[in-house]
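Accompanying notes for the structure given below.
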Amino acid sequence: MDYRVIKENDLFLMTDKTGDIPAGNEAGHGLYTKDTRFLSGLEIRINGKKPILLSSSAGTNYIATIRMTNPHMESDGQLILWRESVELERQRFIYEGALYETIAFTNFYPKPVAFDFTAQFESDFADMFVVRGFQNGTFGEALPDVMEHQKLVKRYKGTDGVERQTHICWDRKETVVQEDSTIAFNFELAPKERQSVTFFIAPYIDGKGSEQVSAQQAIEMLKASYQEWDHNTTSIESNLPLFNHLYDRGLQDLRVLLTDLGHGRFPVAGLPWYAVPFGRDSLIAALQMLPAAPNVAKGTLLTMASYQGTKEDVWRDEEPGKIMHEIRYGELALTNQIPFTPYYGTIDATPLFLLLAAEYVQWTGDTALIEQLMPNIEQALHWIDNYGDADGDRFVEYYQKSSKGIANQGWKDSGDSVVHSNGDYAKAPIALAEVQGYVYHAKMKLSPILRQLGKESMADELESSAEDLRQRFESSFWMEEEGFYAIALDADKKQVQSVTTNPGHVLMSGMLQPDRAESVVRRLVAPDMFSGYGIRTMSTESSGYNPMSYHDGSIWPHDNSLVLLGMSRSGFKAETMQVIEGLMKASESFEYHRLPELYCGYDDSIGEPVPYPVACSPQAWAAGTPLVFLQTMLGIEPDTLGGTIRLNPVLPSGMTELTVRNMTVAQGKLSLHILFNPQTQTAVVNVLHNTTGLQVIQHS
């Protein structure tokens with residue numbers, strides 16, 4: 001990454017690698033909350049010169065450390081400051097809605113030194129959509145700054161009537177605060193002496209913001225929350241260090257992406273641009289997290305239910321029962337200049353909501369949540385069968401109604417992602433393959449839960465409609481000449497005959513004919529789809545293929561992860577491990593072994609994966625992918641209603657031993673040790689600890 005980003009709950013900071021936010025930068029650096037940039041400039045200088053970067057680390061998500069030093073300084077032959085005399089260490093973190101940054105200076109010159117240090121601040125209060133260049137509009141105006149004792153307040157009055165402020169405080173007496181919001185300090189250091197200044201920077205909205213505590217107290221509380229996260233999530237240890245790094249990185253990235261809007265913690269989509277609730281992204285990330293932190297699924301479901309559509313609103317593509325796509329809180333949204341309050345233009349979030357609810361119960365046995373959510377579940381099912389199928393063909397399809405909405409409303413939501421074999425873009429309404437699989441999956445997995453709750457007729461109806469969907473899908477989507485399923489049906493019910501990963505998601509549902517499922521798996525790992533670094537979103541043989549595209553030939557880890565769940569559940573162990581090994585190989589080339597949102601689809605003959613220029617990192621469903629690796633390695637399928645935990649382990653090349661501890665299943669914990677023989681492809685499972693009340697059954 002060419003930037004540094006930290007986040008905690010609803011506040012995040014993105015800077016360049018030196019820790020600065022250069023004024024007027026086009027990269028979008030800044031301090032953000034509620035889709036507003038509260039800090040658009042932060043530049044430090046020593047004697048008016050930019051310090052020299054030594055190291056910049058963001059390996060620990062909740063705290064960033066940047067080490068710098070001074071350049072050589074002379075004037076008219078007089079030494080001012082010898083080069084590399086002073087070490088500057090910038091350490092920053094976010095706690096309870098505020099940024100804390102301590103800049104410490106250590107004198108490594110053999111004599112005393114004196115220097116001026118300045119920090120300049122700017123706040124443009126720009127809406128996120130403006131920062132990203134997506135939208136213009138009508139905006140408010142800056143108000144005069146307010147200067148208090150060791151405190152500067154930047155102010156802005158929006159067209160929405162909201163006053164936004166940035167409070168900047170510091171703990172050392174300044175020499176001057178200039179009109180351009182430059183705060184100057186003088187330092188005098190004896191040899192080896194260390195002094196510091198700490199800044200507290202907090203967004204305020206209509207007078208509400210964070211109260212300052214000591215930096216030491218704040219960091220201790222923040223560290224404690226991470227220790228609690230580590231204690232309550234599933235831990236692993238294997239004899240393959242790369243997997244250990246990937247899994248731990250994924251868990252830590254997911255922790256930093258958690259947010260709570262009052263209904264429990266859930267993952268926002270990703271940093272830097274998607275640190276908000278996203279229906280599809282949040283639901284899929286929560287699904288991936290079930291083996292490590294199933295309580296996150298509960299928070300996600302309750303959050304999505306709280307925003308469920310209640311009316312028909314063309315501006316927001318809202319319909320009763322529909323689960324939202326994305327919500328924004330900035331000035332443009334609050335003045336209705338954009339429809340994201342929330343916006344509902346997604347075809348898959350509603351079935352994914354139901355799917356996650358069913359899978360959550362399979363892992364936890366928490367049928368009480370289903371009872372609590374039953375009105376939302378019934379409304380979502382009604383949306384699927386009515387609004388989601390506006391033309392009555394018994395497929396769920398989308399089309400854009402809002403003038404400022406999204407045209408393609410599946411996970412591949414770019415304008416060129418659904419393309420016919422002749423190169424023409426498909427016209428809406430469009431029925432995507434994977435969405436039909438999500439619907440089938442949701443209905444079939446909900447049925448036994450509903451029976452448990454005494455809703456027999458509802459369960460029967462869901463199973464009947466799911467079977468009808470299965471039959472219609474096979475007859476309408478199968479491409480005989482390709483031995484594969486079409487990505488979609490277009491407005492004329494014609495197949496969109498591109499070979500893509502979309503049907504790979506359907507494997508997860510168990511909806512596909514067994515012989516055709518095998519054909520799909522074989523094609524997904526064939527050279528035109530599998531690059532060596534993962535499965536491409538589109539075949540190299542399809543007309544729309546472009547390895548540099550966002551959705552038509554690139555590789556998305558989360559896309560692969562949903563395919564992996566399907567491969568594993570269908571019994572394709574060798575292919576599952578082939579994909580996992582490819583993704584792990586790719587991770588070695590990325591900073592901190594962090595799988596990014598996506599990367600280009602070139603094959604591995606190049607020698608390393610080619611990064612996608614503007615990929616988000618960390619991103620929730622990319623971070624969740626290593627957790628799916630664990631699930632598929634174990635071949636684990638909890639059935640809390642049936643009282644069993646099924647295991648069918650297989651480990652990737654280079655791993656012969658895996659220990660899993662503290663996995664939450666039902667209302668207890670499960671710990672396992674796996675010994676795997678790569679020659680015989682057999683595993684010995686030792687149950688170390690089981691308080692789940694469920695029977696562990698190993699299959700082969």
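The chains in the structure tokens are called A, B, ... from first to last as shown; in each chain the residues are counted from 1, and the ligands are counted from 1 in the order shown.
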
Quick one: everything within 12 Å of Val314 (chain A), counting only C-alpha atoms, minus sequence neighbours fewer than 5 positions away in the same chain. Send it as a PyMOL selection string. chain A and resi 309+319-320+339+343-345+399-405

Would you save the residues from that selection as a JSON list (two decimals), in the first residue's frame, using C-alpha atoms?
```json
[["chain", "number", "residue", "atom", "x", "y", "z"],
["A", 309, "GLY", "CA", -37.11, -1.44, 3.32],
["A", 319, "GLU", "CA", -39.16, -1.74, -1.74],
["A", 320, "PRO", "CA", -40.88, -3.34, 1.25],
["A", 339, "PRO", "CA", -30.09, 8.47, -2.60],
["A", 343, "TYR", "CA", -29.80, 3.09, -0.96],
["A", 344, "TYR", "CA", -31.37, -0.29, -1.77],
["A", 345, "GLY", "CA", -30.05, -1.02, -5.28],
["A", 399, "TYR", "CA", -33.18, -3.26, -12.89],
["A", 400, "GLN", "CA", -32.28, 0.26, -11.88],
["A", 401, "LYS", "CA", -35.08, 2.70, -11.10],
["A", 402, "SER", "CA", -33.23, 5.52, -9.33],
["A", 403, "SER", "CA", -31.75, 8.21, -11.56],
["A", 404, "LYS", "CA", -28.59, 8.21, -9.44],
["A", 405, "GLY", "CA", -28.59, 4.52, -8.63]]
```

Within 12 Å of region 176-180 of chain A using only C-alpha atoms, minus same-chain residues under 5 positions, as a list in words: Ala23, Gly41, Leu42, Asp116, Phe117, Thr118, Ala119, Gln120, Phe121, Glu122, Ser123, Pro144, Asp145, Val146, Met147, Glu148, His149, Gln150, Lys151, Leu152, Lys154, Ile168, Cys169, Trp170, Phe185 and Asn186 of chain A

Nearest residue to Phe139 (chain A) out of A:Thr335, A:Gln497, A:Ser531, A:Ser57, using only C-alpha atoms?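 For Phe139 (chain A), the nearest of the candidates is A:Thr335.
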
Among listed residues A:Glu228, A:Glu331, A:Glu597, A:Glu220, nearest Trp621 (chain A) (using only C-alpha atoms):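 Once distances to Trp621 (chain A) are computed over only C-alpha atoms, the minimum belongs to A:Glu597.
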
Using only C-alpha atoms, determine which residues lie at most 9 Å from Ile697 (chain A), disregarding the query and same-chain residues fewer than 3 positions distant; provide the list as a ChimeraX atom specification. /A:644-648

Can you spit out the residues from that selection as a PDB file, in the first residue's frame, using N, CA, C and O atoms?
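Result saved to again.pdb:
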```
ATOM      1  N   THR A 644     -25.106 -32.604  15.674  1.00  0.00           N
ATOM      2  CA  THR A 644     -23.837 -33.140  15.177  1.00  0.00           C
ATOM      3  C   THR A 644     -22.924 -32.037  14.631  1.00  0.00           C
ATOM      4  O   THR A 644     -23.382 -30.957  14.250  1.00  0.00           O
ATOM      5  N   ILE A 645     -21.648 -32.379  14.607  1.00  0.00           N
ATOM      6  CA  ILE A 645     -20.640 -31.585  13.899  1.00  0.00           C
ATOM      7  C   ILE A 645     -19.905 -32.546  12.980  1.00  0.00           C
ATOM      8  O   ILE A 645     -19.201 -33.447  13.444  1.00  0.00           O
ATOM      9  N   ARG A 646     -20.083 -32.361  11.686  1.00  0.00           N
ATOM     10  CA  ARG A 646     -19.433 -33.227  10.710  1.00  0.00           C
ATOM     11  C   ARG A 646     -18.077 -32.638  10.332  1.00  0.00           C
ATOM     12  O   ARG A 646     -17.955 -31.441  10.094  1.00  0.00           O
ATOM     13  N   LEU A 647     -17.070 -33.511  10.271  1.00  0.00           N
ATOM     14  CA  LEU A 647     -15.727 -33.116   9.858  1.00  0.00           C
ATOM     15  C   LEU A 647     -15.258 -33.996   8.712  1.00  0.00           C
ATOM     16  O   LEU A 647     -15.508 -35.203   8.713  1.00  0.00           O
ATOM     17  N   ASN A 648     -14.582 -33.390   7.758  1.00  0.00           N
ATOM     18  CA  ASN A 648     -13.998 -34.134   6.643  1.00  0.00           C
ATOM     19  C   ASN A 648     -12.705 -33.423   6.240  1.00  0.00           C
ATOM     20  O   ASN A 648     -12.638 -32.760   5.218  1.00  0.00           O
TER      21      ASN A 648
END
```
